[in-house]
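Asker: Next up, run_36.txt (compact mmCIF, C-alpha atoms).
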```
# COMPACT_ATOMS: atom_id res chain seq x y z
CA MET A 1 -11.22 -26.92 -17.82
CA THR A 2 -8.17 -24.70 -17.78
CA GLN A 3 -7.63 -21.97 -20.25
CA ALA A 4 -4.62 -19.78 -20.96
CA PRO A 5 -3.45 -17.40 -23.66
CA ASP A 6 -0.98 -18.73 -26.19
CA LEU A 7 2.40 -17.27 -25.25
CA PRO A 8 5.94 -18.24 -26.24
CA LEU A 9 7.65 -20.48 -23.69
CA TRP A 10 9.89 -17.84 -22.09
CA ALA A 11 6.97 -15.45 -21.56
CA ALA A 12 4.78 -18.24 -20.20
CA ILE A 13 7.43 -19.22 -17.65
CA LEU A 14 8.05 -15.61 -16.57
CA THR A 15 4.31 -14.93 -16.23
CA ALA A 16 3.78 -18.15 -14.30
CA PHE A 17 6.67 -17.36 -11.95
CA PHE A 18 5.54 -13.82 -11.11
CA LEU A 19 1.92 -14.91 -10.80
CA LEU A 20 2.73 -17.72 -8.36
CA ALA A 21 5.18 -15.61 -6.35
CA GLY A 22 2.72 -12.72 -6.05
CA SER A 23 -0.23 -14.85 -5.04
CA LEU A 24 1.85 -16.84 -2.56
CA ILE A 25 3.07 -13.67 -0.85
CA THR A 26 -0.49 -12.31 -0.76
CA ALA A 27 -1.70 -15.55 0.76
CA ILE A 28 1.03 -15.46 3.43
CA GLY A 29 -0.04 -11.92 4.29
CA SER A 30 -3.70 -12.88 4.57
CA PHE A 31 -2.76 -15.94 6.58
CA GLY A 32 -1.12 -13.52 8.99
CA LEU A 33 -4.60 -12.18 9.76
CA VAL A 34 -5.38 -15.62 11.15
CA ARG A 35 -2.02 -16.31 12.78
CA LEU A 36 -1.04 -13.10 14.56
CA LYS A 37 -2.34 -12.51 18.06
CA ASN A 38 -3.57 -8.97 18.53
CA PHE A 39 -4.94 -6.24 16.30
CA TYR A 40 -1.81 -4.11 16.16
CA GLU A 41 0.22 -7.11 15.00
CA ARG A 42 -2.40 -8.03 12.44
CA VAL A 43 -2.36 -4.59 10.82
CA HIS A 44 1.10 -5.38 9.46
CA ALA A 45 -0.01 -8.53 7.65
CA PRO A 46 -2.02 -7.17 4.67
CA THR A 47 0.84 -4.91 3.57
CA LEU A 48 2.53 -8.02 2.19
CA GLY A 49 -0.32 -8.38 -0.26
CA THR A 50 -0.37 -4.74 -1.25
CA THR A 51 3.37 -4.40 -1.87
CA LEU A 52 5.18 -7.44 -3.21
CA GLY A 53 2.08 -9.59 -3.69
CA ALA A 54 0.28 -7.10 -5.88
CA GLY A 55 3.60 -6.24 -7.55
CA GLY A 56 4.13 -9.84 -8.62
CA VAL A 57 0.64 -10.31 -10.03
CA LEU A 58 0.72 -6.95 -11.83
CA ILE A 59 4.14 -7.65 -13.39
CA ALA A 60 2.81 -11.02 -14.58
CA SER A 61 -0.17 -9.25 -16.16
CA MET A 62 2.11 -6.68 -17.81
CA ILE A 63 4.37 -9.36 -19.32
CA CYS A 64 1.40 -11.40 -20.51
CA PHE A 65 -0.45 -8.56 -22.22
CA SER A 66 2.68 -6.94 -23.65
CA VAL A 67 3.66 -10.18 -25.38
CA LEU A 68 0.07 -10.91 -26.39
CA LYS A 69 -0.54 -7.53 -27.98
CA GLY A 70 2.97 -7.07 -29.35
CA ARG A 71 3.33 -3.63 -27.78
CA PRO A 72 4.16 -2.49 -24.23
CA VAL A 73 1.05 -2.57 -22.04
CA VAL A 74 1.74 -0.76 -18.79
CA HIS A 75 -1.64 0.38 -17.52
CA GLU A 76 -1.21 -2.01 -14.55
CA VAL A 77 1.17 0.64 -13.20
CA LEU A 78 -1.96 2.65 -12.37
CA ILE A 79 -3.22 -0.05 -9.99
CA ALA A 80 0.21 -0.32 -8.37
CA LEU A 81 0.39 3.47 -7.94
CA PHE A 82 -3.13 3.56 -6.59
CA LEU A 83 -2.37 0.79 -4.08
CA THR A 84 0.81 2.44 -2.82
CA ILE A 85 -1.07 5.69 -2.24
CA THR A 86 -4.19 4.24 -0.63
CA THR A 87 -2.87 1.43 1.57
CA PRO A 88 -0.93 3.67 3.97
CA VAL A 89 -3.97 5.93 4.30
CA THR A 90 -6.39 3.14 5.17
CA LEU A 91 -3.98 1.39 7.53
CA MET A 92 -3.05 4.62 9.33
CA LEU A 93 -6.71 5.54 9.73
CA LEU A 94 -7.54 2.05 11.00
CA GLY A 95 -4.61 2.17 13.41
CA ARG A 96 -5.71 5.57 14.68
CA ALA A 97 -9.29 4.36 15.08
CA ALA A 98 -8.19 1.29 17.02
CA LEU A 99 -5.92 3.38 19.21
CA TYR A 100 -8.72 5.84 19.93
CA ARG A 101 -11.17 3.09 20.80
CA ASP A 102 -8.69 1.26 23.02
CA ARG A 103 -7.83 4.47 24.86
CA THR A 104 -11.43 5.40 25.54
CA GLU A 105 -12.06 1.90 26.82
CA GLN A 106 -8.84 2.06 28.85
CA GLN A 107 -7.44 -1.19 27.57
CA PRO A 108 -4.13 -2.27 29.16
CA ASP A 109 -0.78 -1.91 27.36
CA ILE A 110 -1.87 0.99 25.17
CA PRO A 111 0.50 3.98 25.08
CA ARG A 112 -0.98 7.16 26.54
CA ASP A 113 -2.05 10.07 24.38
CA PHE A 114 0.51 12.84 23.90
CA ASP A 115 -0.30 15.66 26.26
CA MET B 1 5.19 -29.94 -21.88
CA ASN B 2 4.00 -26.94 -23.80
CA ALA B 3 3.86 -23.30 -22.77
CA GLN B 4 0.09 -23.07 -22.66
CA LEU B 5 -0.21 -25.94 -20.20
CA ILE B 6 2.43 -24.45 -17.85
CA LEU B 7 0.64 -21.13 -17.85
CA ALA B 8 -2.79 -22.71 -17.40
CA LEU B 9 -1.60 -24.70 -14.41
CA ALA B 10 0.11 -21.66 -12.86
CA ILE B 11 -2.99 -19.50 -13.31
CA THR B 12 -5.25 -22.12 -11.74
CA ALA B 13 -2.82 -22.63 -8.87
CA SER B 14 -2.54 -18.91 -8.17
CA GLN B 15 -6.33 -18.57 -8.28
CA LEU B 16 -6.61 -21.33 -5.68
CA ILE B 17 -3.93 -19.65 -3.53
CA LEU B 18 -5.73 -16.31 -3.75
CA GLY B 19 -8.95 -18.09 -2.88
CA PHE B 20 -7.26 -19.38 0.26
CA ALA B 21 -6.12 -15.83 1.04
CA MET B 22 -9.69 -14.59 0.65
CA ALA B 23 -10.89 -17.36 2.97
CA CYS B 24 -8.39 -16.21 5.63
CA ALA B 25 -9.61 -12.61 5.32
CA THR B 26 -13.25 -13.72 5.47
CA TRP B 27 -12.49 -15.74 8.60
CA ARG B 28 -11.17 -12.58 10.25
CA VAL B 29 -14.29 -10.65 9.16
CA ILE B 30 -16.56 -13.29 10.73
CA VAL B 31 -14.57 -13.99 13.90
CA GLY B 32 -13.62 -10.44 14.80
CA PRO B 33 -13.27 -10.15 17.80
CA ARG B 34 -13.47 -6.36 17.58
CA ALA B 35 -14.88 -4.10 14.88
CA GLN B 36 -11.44 -2.90 13.73
CA ASP B 37 -10.41 -6.50 13.05
CA ARG B 38 -13.46 -6.97 10.85
CA VAL B 39 -12.72 -3.82 8.88
CA LEU B 40 -9.11 -4.92 8.43
CA GLY B 41 -10.32 -8.28 7.14
CA LEU B 42 -12.68 -6.57 4.71
CA ASP B 43 -9.90 -4.35 3.39
CA THR B 44 -7.68 -7.39 2.79
CA LEU B 45 -10.59 -9.12 1.08
CA TYR B 46 -10.92 -6.21 -1.35
CA VAL B 47 -7.24 -6.29 -2.28
CA ASN B 48 -7.28 -10.06 -2.70
CA SER B 49 -10.35 -10.01 -4.92
CA MET B 50 -8.74 -7.28 -7.01
CA LEU B 51 -5.69 -9.50 -7.59
CA LEU B 52 -7.98 -12.45 -8.35
CA LEU B 53 -9.70 -10.41 -11.06
CA ILE B 54 -6.32 -9.64 -12.62
CA THR B 55 -5.54 -13.36 -12.79
CA PHE B 56 -8.87 -13.84 -14.58
CA GLY B 57 -7.76 -11.14 -17.00
CA ILE B 58 -4.53 -13.04 -17.73
CA GLN B 59 -6.49 -16.26 -18.15
CA THR B 60 -8.91 -14.89 -20.72
CA GLY B 61 -6.49 -12.47 -22.34
CA ARG B 62 -9.02 -9.64 -22.10
CA THR B 63 -8.36 -6.23 -20.57
CA LEU B 64 -11.95 -5.89 -19.38
CA TYR B 65 -11.00 -7.31 -16.00
CA PHE B 66 -8.44 -4.56 -15.46
CA GLU B 67 -11.18 -1.95 -15.26
CA ALA B 68 -13.18 -4.10 -12.88
CA ALA B 69 -10.10 -4.46 -10.66
CA LEU B 70 -9.53 -0.71 -10.66
CA VAL B 71 -13.15 -0.05 -9.66
CA ILE B 72 -12.99 -2.63 -6.85
CA GLY B 73 -9.77 -1.05 -5.59
CA MET B 74 -11.32 2.43 -5.51
CA LEU B 75 -14.57 1.34 -3.89
CA GLY B 76 -12.64 -0.73 -1.35
CA PHE B 77 -10.48 2.22 -0.41
CA THR B 78 -13.46 4.53 0.02
CA GLY B 79 -15.36 1.92 2.00
CA THR B 80 -12.50 1.23 4.37
CA VAL B 81 -11.81 4.90 4.96
CA ALA B 82 -15.48 5.52 5.73
CA LEU B 83 -15.61 2.57 8.12
CA ALA B 84 -12.40 3.62 9.88
CA LYS B 85 -13.77 7.12 10.26
CA PHE B 86 -16.95 5.66 11.65
CA LEU B 87 -15.00 3.63 14.20
CA MET B 88 -13.10 6.71 15.28
CA ARG B 89 -16.02 9.01 15.95
CA GLY B 90 -19.21 7.07 15.40
CA GLU B 91 -20.36 9.40 12.64
CA VAL B 92 -19.31 9.15 9.03
CA ILE B 93 -20.03 12.75 8.09
CA GLU B 94 -18.97 15.45 10.47
CA MET C 1 0.37 31.02 -18.54
CA ARG C 2 0.61 30.74 -14.79
CA ARG C 3 -3.11 31.48 -14.44
CA LEU C 4 -4.09 28.95 -17.05
CA LEU C 5 -1.78 26.19 -15.85
CA PRO C 6 -1.20 26.50 -12.10
CA TYR C 7 0.29 23.04 -11.58
CA PRO C 8 2.09 21.92 -14.73
CA GLY C 9 3.56 18.76 -13.19
CA PHE C 10 0.22 17.63 -11.80
CA ALA C 11 -1.53 18.38 -15.08
CA GLY C 12 1.06 16.34 -16.97
CA ALA C 13 0.56 13.41 -14.57
CA LEU C 14 -3.21 13.58 -15.07
CA LEU C 15 -2.80 13.60 -18.85
CA LEU C 16 -0.48 10.60 -18.62
CA MET C 17 -3.02 8.78 -16.45
CA TRP C 18 -5.77 9.52 -18.96
CA LEU C 19 -3.69 8.16 -21.83
CA LEU C 20 -2.82 5.02 -19.83
CA LEU C 21 -6.46 4.42 -18.95
CA SER C 22 -7.72 4.87 -22.51
CA GLN C 23 -4.67 2.96 -23.84
CA SER C 24 -4.14 5.12 -26.89
CA VAL C 25 -2.11 8.13 -27.93
CA SER C 26 -4.45 9.36 -30.63
CA LEU C 27 -4.95 13.10 -31.07
CA GLY C 28 -8.50 12.98 -29.75
CA HIS C 29 -7.49 11.37 -26.48
CA ILE C 30 -4.56 13.77 -26.05
CA LEU C 31 -6.92 16.74 -26.50
CA LEU C 32 -9.58 15.32 -24.19
CA GLY C 33 -6.99 14.39 -21.56
CA SER C 34 -5.40 17.85 -21.71
CA LEU C 35 -8.80 19.46 -21.26
CA ILE C 36 -9.54 17.29 -18.22
CA ALA C 37 -6.10 17.96 -16.77
CA LEU C 38 -6.59 21.72 -17.21
CA LEU C 39 -10.03 21.70 -15.60
CA ALA C 40 -8.90 19.49 -12.71
CA THR C 41 -5.80 21.55 -11.90
CA ASN C 42 -7.78 24.78 -12.03
CA ALA C 43 -10.37 23.30 -9.72
CA MET C 44 -7.56 22.25 -7.40
CA SER C 45 -6.09 25.74 -7.21
CA ALA C 46 -9.35 26.81 -5.57
CA LEU C 47 -8.31 24.65 -2.61
CA GLN C 48 -5.10 26.70 -2.29
CA PRO C 49 -2.76 23.88 -1.33
CA GLU C 50 0.57 24.69 0.28
CA SER C 51 3.24 24.87 -2.37
CA VAL C 52 5.81 22.09 -2.39
CA ARG C 53 9.48 22.93 -2.52
CA ILE C 54 11.47 19.96 -3.65
CA ARG C 55 15.17 20.33 -4.04
CA PRO C 56 16.16 18.30 -7.06
CA SER C 57 19.06 16.15 -5.97
CA LEU C 58 20.44 12.66 -6.10
CA ALA C 59 18.68 11.98 -2.80
CA ILE C 60 15.38 11.27 -4.61
CA PRO C 61 16.51 8.24 -6.63
CA ARG C 62 18.55 7.06 -3.67
CA LEU C 63 15.53 7.20 -1.39
CA ALA C 64 13.39 5.38 -3.96
CA LEU C 65 15.97 2.63 -4.26
CA ILE C 66 16.37 2.29 -0.49
CA VAL C 67 12.59 2.07 -0.04
CA LEU C 68 12.27 -0.59 -2.75
CA VAL C 69 15.02 -2.70 -1.17
CA ASP C 70 13.52 -2.26 2.30
CA ILE C 71 10.03 -3.24 1.14
CA PHE C 72 11.49 -6.38 -0.37
CA ARG C 73 13.49 -7.26 2.74
CA SER C 74 10.74 -6.55 5.24
CA ASN C 75 8.29 -8.57 3.15
CA LEU C 76 10.53 -11.56 3.65
CA ALA C 77 11.02 -10.79 7.35
CA VAL C 78 7.30 -10.39 8.08
CA GLY C 79 6.48 -13.47 5.99
CA ARG C 80 8.90 -15.47 8.09
CA ILE C 81 7.31 -14.20 11.31
CA ILE C 82 3.83 -15.12 10.06
CA LEU C 83 4.81 -18.61 8.98
CA PHE C 84 7.24 -19.63 11.70
CA GLY C 85 6.53 -17.31 14.60
CA LYS C 86 8.86 -14.88 16.33
CA PRO C 87 12.17 -15.86 17.92
CA ALA C 88 11.98 -16.15 21.70
CA HIS C 89 13.23 -12.73 22.85
CA HIS C 90 11.57 -10.75 20.04
CA ARG C 91 8.34 -8.93 20.76
CA SER C 92 6.06 -6.44 19.06
CA GLY C 93 5.55 -3.08 20.63
CA TYR C 94 5.22 0.66 20.44
CA LEU C 95 8.02 3.07 19.78
CA GLN C 96 8.22 6.79 20.46
CA LEU C 97 10.45 8.57 18.05
CA PRO C 98 11.46 12.25 18.13
CA LEU C 99 11.64 13.65 14.60
CA GLN C 100 13.60 16.60 13.20
CA LEU C 101 11.74 16.68 9.90
CA GLN C 102 9.17 19.51 9.95
CA ASP C 103 7.97 19.82 6.36
CA ARG C 104 4.38 18.59 5.92
CA TYR C 105 4.99 16.90 2.61
CA GLY C 106 8.16 15.29 3.91
CA LEU C 107 6.22 13.91 6.87
CA ALA C 108 3.51 12.62 4.54
CA ILE C 109 6.11 10.80 2.47
CA LEU C 110 7.70 9.39 5.63
CA ALA C 111 4.28 8.18 6.82
CA MET C 112 3.69 6.45 3.51
CA ILE C 113 7.11 4.82 3.52
CA LEU C 114 6.78 3.56 7.09
CA THR C 115 3.26 2.24 6.65
CA ALA C 116 3.83 0.69 3.23
CA THR C 117 6.81 -1.28 4.49
CA PRO C 118 5.48 -4.33 6.30
CA GLY C 119 6.54 -4.39 9.94
CA THR C 120 6.13 -0.73 10.87
CA LEU C 121 2.90 1.23 11.29
CA TRP C 122 2.59 4.98 11.78
CA LEU C 123 0.05 5.53 14.56
CA GLN C 124 0.18 9.12 15.73
CA TYR C 125 2.23 12.25 15.26
CA ASP C 126 2.28 15.19 17.63
CA ARG C 127 3.23 18.36 15.79
CA SER C 128 3.80 20.52 18.86
CA ARG C 129 6.40 18.14 20.30
CA SER C 130 7.50 16.51 17.02
CA VAL C 131 7.10 13.05 18.45
CA LEU C 132 5.93 10.09 16.43
CA LEU C 133 4.24 6.98 17.78
CA LEU C 134 4.98 3.82 15.81
CA HIS C 135 4.00 0.20 16.15
CA VAL C 136 6.75 -2.25 15.23
CA LEU C 137 6.09 -5.92 14.64
CA ASP C 138 9.59 -7.18 15.36
CA LEU C 139 11.06 -5.06 18.12
CA VAL C 140 14.30 -6.17 19.71
CA ASP C 141 16.07 -2.95 20.50
CA ASP C 142 14.26 0.42 20.51
CA GLN C 143 17.37 2.43 19.77
CA GLN C 144 18.22 0.33 16.74
CA TRP C 145 14.89 1.18 15.10
CA ILE C 146 15.18 4.85 15.98
CA ASP C 147 18.64 5.04 14.43
CA LEU C 148 17.47 3.14 11.37
CA ILE C 149 14.56 5.47 10.62
CA ARG C 150 16.59 8.58 11.30
CA ASN C 151 19.63 7.68 9.27
CA ARG C 152 17.94 5.81 6.47
CA TYR C 153 14.84 7.89 5.70
CA GLU C 154 14.70 11.10 7.69
CA ARG C 155 18.10 12.42 6.63
CA LEU C 156 17.36 11.90 2.93
CA LEU C 157 13.87 13.41 3.26
CA MET C 158 15.34 16.47 4.95
CA GLU C 159 17.80 16.80 2.09
CA ILE C 160 14.92 16.73 -0.38
CA PHE C 161 12.37 18.91 1.39
CA GLU C 162 14.26 21.33 3.63
```
Go through the file and emit its structure as structure tokens.
Answerer:
Amino acid sequence: MTQAPDLPLWAAILTAFFLLAGSLITAIGSFGLVRLKNFYERVHAPTLGTTLGAGGVLIASMICFSVLKGRPVVHEVLIALFLTITTPVTLMLLGRAALYRDRTEQQPDIPRDFD
Amino acid sequence: MNAQLILALAITASQLILGFAMACATWRVIVGPRAQDRVLGLDTLYVNSMLLLITFGIQTGRTLYFEAALVIGMLGFTGTVALAKFLMRGEVIE
Amino acid sequence: MRRLLPYPGFAGALLLMWLLLSQSVSLGHILLGSLIALLATNAMSALQPESVRIRPSLAIPRLALIVLVDIFRSNLAVGRIILFGKPAHHRSGYLQLPLQLQDRYGLAILAMILTATPGTLWLQYDRSRSVLLLHVLDLVDDQQWIDLIRNRYERLLMEIFE
């Protein structure tokens, strides 16, 4: 049923801790998509998953593979770097798109364009 | 209690938690109400599935899943940017 | 040398990325990675990007540390809001913020910092008036946020880039 690599106890506990912490934070962020009330509030929620959530899972993976292979394995840093570069871009673009759409439809409570 | 069992339980638990996160994102994709909400949900879904793949990598001890996660991350980024651009102007290529 | 290697730092980063991806430091991979880094940086010089002037100072590690701590703290704050809701007099709203930072790369870094930290989202920046439009999830006092961004990030970024 369940399967796991054979790690020494300290490494197993560290990996388990970071894995659980990261996935819990990601889940809280995604749950925010359900909980928060309007779009501009919801945009903030996924950043939990892309910062600390992803960080936790990636650190867990680094510890696990470094101990397993007996040498430092750090290629997970690439995913972390990639996430920190891309997330702001997508969220800013989405925010801009939403702002543009709301302005053209003249929704209430939207700040006016700079003129 | 041995180390392997602790790790196995933690991996399964975190996979279930990430599954719940993906369900939340999918709910937002289905419910909307507006197009930007759906795109936001899709973007979150990409990130969550990427993290889920990494947990599979830890479970099997193979680095194959790392590459898959990287590819999903890149495709997700490109897809979301294209969709956001589409929402802004209605045309992907200007 | 300058013609062959227009962006030495960028080329080095690309080589490092290649070695991390292939997970080896054998001679073959170093040669292949160097070749790719050379080709990519030469292709990039055709785009003629604006040159970056970074003043090496202690402000860079300080900013990195501050951002790390802030990401950690605001993760907890936003998580609390998602799980338990906002306190009664807190609201989410927009914030207009006049900026003194003019450098394009500095502004890009500021945008990344503000958007990557949960709780603040960069929406629009007007270059002619140097005003920034932000959305803040937990807004109690406008002035408090303005002071925070100015003193915590903008001052350090201006030290680095201007």
Asker: Go through B:Asn2, B:Gln59, B:Gln36, B:Ser14 and flag the residue nearest Ala98 of chain A, using all atoms listed in the file for the distances.
Answerer: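 Among the listed residues, B:Gln36 lies closest to Ala98 of chain A.
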Asker: If we count only C-alpha atoms, what is near Val89 of chain A at a cut-off of 12 Å, once residues fewer than 2 positions away on the same chain are taken out, given as JSON, numbers by chain?
Answerer: {"A": [47, 82, 83, 84, 85, 86, 87, 91, 92, 93, 94, 95, 96], "B": [43, 77, 78, 80, 81, 82, 84, 85], "C": [108, 109, 111, 112, 113, 114, 115, 116, 121, 122, 123]}
Asker: What is the atom CA of Glu76 of chain A-atom CA of Arg38 of chain B distance in Å, reported with one decimal?
Answerer: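 Distance between the two atoms: 28.6 Å.
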Asker: For chain C, work out the contacting residues on chain A at 10 Å, counting all atoms listed in the file, and write them as a ChimeraX atom specification.
Answerer: /A:25-36,38,40-53,73-78,83-99,109-111,113-115
Asker: Write a file of the just-selected residues containing C-alpha atoms, as a JSON list (two decimals), in the frame of the given file.
Answerer:
```json
[["chain", "number", "residue", "atom", "x", "y", "z"],
["A", 25, "ILE", "CA", 3.07, -13.67, -0.85],
["A", 26, "THR", "CA", -0.49, -12.31, -0.76],
["A", 27, "ALA", "CA", -1.70, -15.55, 0.76],
["A", 28, "ILE", "CA", 1.03, -15.46, 3.43],
["A", 29, "GLY", "CA", -0.04, -11.92, 4.29],
["A", 30, "SER", "CA", -3.70, -12.88, 4.57],
["A", 31, "PHE", "CA", -2.76, -15.94, 6.58],
["A", 32, "GLY", "CA", -1.12, -13.52, 8.99],
["A", 33, "LEU", "CA", -4.60, -12.18, 9.76],
["A", 34, "VAL", "CA", -5.38, -15.62, 11.15],
["A", 35, "ARG", "CA", -2.02, -16.31, 12.78],
["A", 36, "LEU", "CA", -1.04, -13.10, 14.56],
["A", 38, "ASN", "CA", -3.57, -8.97, 18.53],
["A", 40, "TYR", "CA", -1.81, -4.11, 16.16],
["A", 41, "GLU", "CA", 0.22, -7.11, 15.00],
["A", 42, "ARG", "CA", -2.40, -8.03, 12.44],
["A", 43, "VAL", "CA", -2.36, -4.59, 10.82],
["A", 44, "HIS", "CA", 1.10, -5.38, 9.46],
["A", 45, "ALA", "CA", -0.01, -8.53, 7.65],
["A", 46, "PRO", "CA", -2.02, -7.17, 4.67],
["A", 47, "THR", "CA", 0.84, -4.91, 3.57],
["A", 48, "LEU", "CA", 2.53, -8.02, 2.19],
["A", 49, "GLY", "CA", -0.32, -8.38, -0.26],
["A", 50, "THR", "CA", -0.37, -4.74, -1.25],
["A", 51, "THR", "CA", 3.37, -4.40, -1.87],
["A", 52, "LEU", "CA", 5.18, -7.44, -3.21],
["A", 53, "GLY", "CA", 2.08, -9.59, -3.69],
["A", 73, "VAL", "CA", 1.05, -2.57, -22.04],
["A", 74, "VAL", "CA", 1.74, -0.76, -18.79],
["A", 75, "HIS", "CA", -1.64, 0.38, -17.52],
["A", 76, "GLU", "CA", -1.21, -2.01, -14.55],
["A", 77, "VAL", "CA", 1.17, 0.64, -13.20],
["A", 78, "LEU", "CA", -1.96, 2.65, -12.37],
["A", 83, "LEU", "CA", -2.37, 0.79, -4.08],
["A", 84, "THR", "CA", 0.81, 2.44, -2.82],
["A", 85, "ILE", "CA", -1.07, 5.69, -2.24],
["A", 86, "THR", "CA", -4.19, 4.24, -0.63],
["A", 87, "THR", "CA", -2.87, 1.43, 1.57],
["A", 88, "PRO", "CA", -0.93, 3.67, 3.97],
["A", 89, "VAL", "CA", -3.97, 5.93, 4.30],
["A", 90, "THR", "CA", -6.39, 3.14, 5.17],
["A", 91, "LEU", "CA", -3.98, 1.39, 7.53],
["A", 92, "MET", "CA", -3.05, 4.62, 9.33],
["A", 93, "LEU", "CA", -6.71, 5.54, 9.73],
["A", 94, "LEU", "CA", -7.54, 2.05, 11.00],
["A", 95, "GLY", "CA", -4.61, 2.17, 13.41],
["A", 96, "ARG", "CA", -5.71, 5.57, 14.68],
["A", 97, "ALA", "CA", -9.29, 4.36, 15.08],
["A", 98, "ALA", "CA", -8.19, 1.29, 17.02],
["A", 99, "LEU", "CA", -5.92, 3.38, 19.21],
["A", 109, "ASP", "CA", -0.78, -1.91, 27.36],
["A", 110, "ILE", "CA", -1.87, 0.99, 25.17],
["A", 111, "PRO", "CA", 0.50, 3.98, 25.08],
["A", 113, "ASP", "CA", -2.05, 10.07, 24.38],
["A", 114, "PHE", "CA", 0.51, 12.84, 23.90],
["A", 115, "ASP", "CA", -0.30, 15.66, 26.26]]
```
Asker: Considering only C-alpha atoms, can you say which of B:Arg28, B:Ile6, B:Ile11, B:Leu16 comes closest to Gly61 of chain B?
Answerer: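 When distances to Gly61 of chain B are compared using only C-alpha atoms, the smallest one comes from B:Ile11.
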Asker: Taking a cut-off of 12 Å and counting all atoms listed in the file, can you build a table that, for each residue of chain B near chain C, reports the nearest atom pair and how far apart they are in Å (one decimal), sorted by chain then residue number, as CSV?
Answerer:
```
residue,atom,partner,partner_atom,distance
B:Thr63,CA,C:Gln23,CA,10.4
B:Leu64,CA,C:Leu21,CA,11.7
B:Phe66,CA,C:Leu21,CA,9.8
B:Glu67,CA,C:Leu21,CA,8.7
B:Leu70,CA,C:Leu21,CA,10.2
```
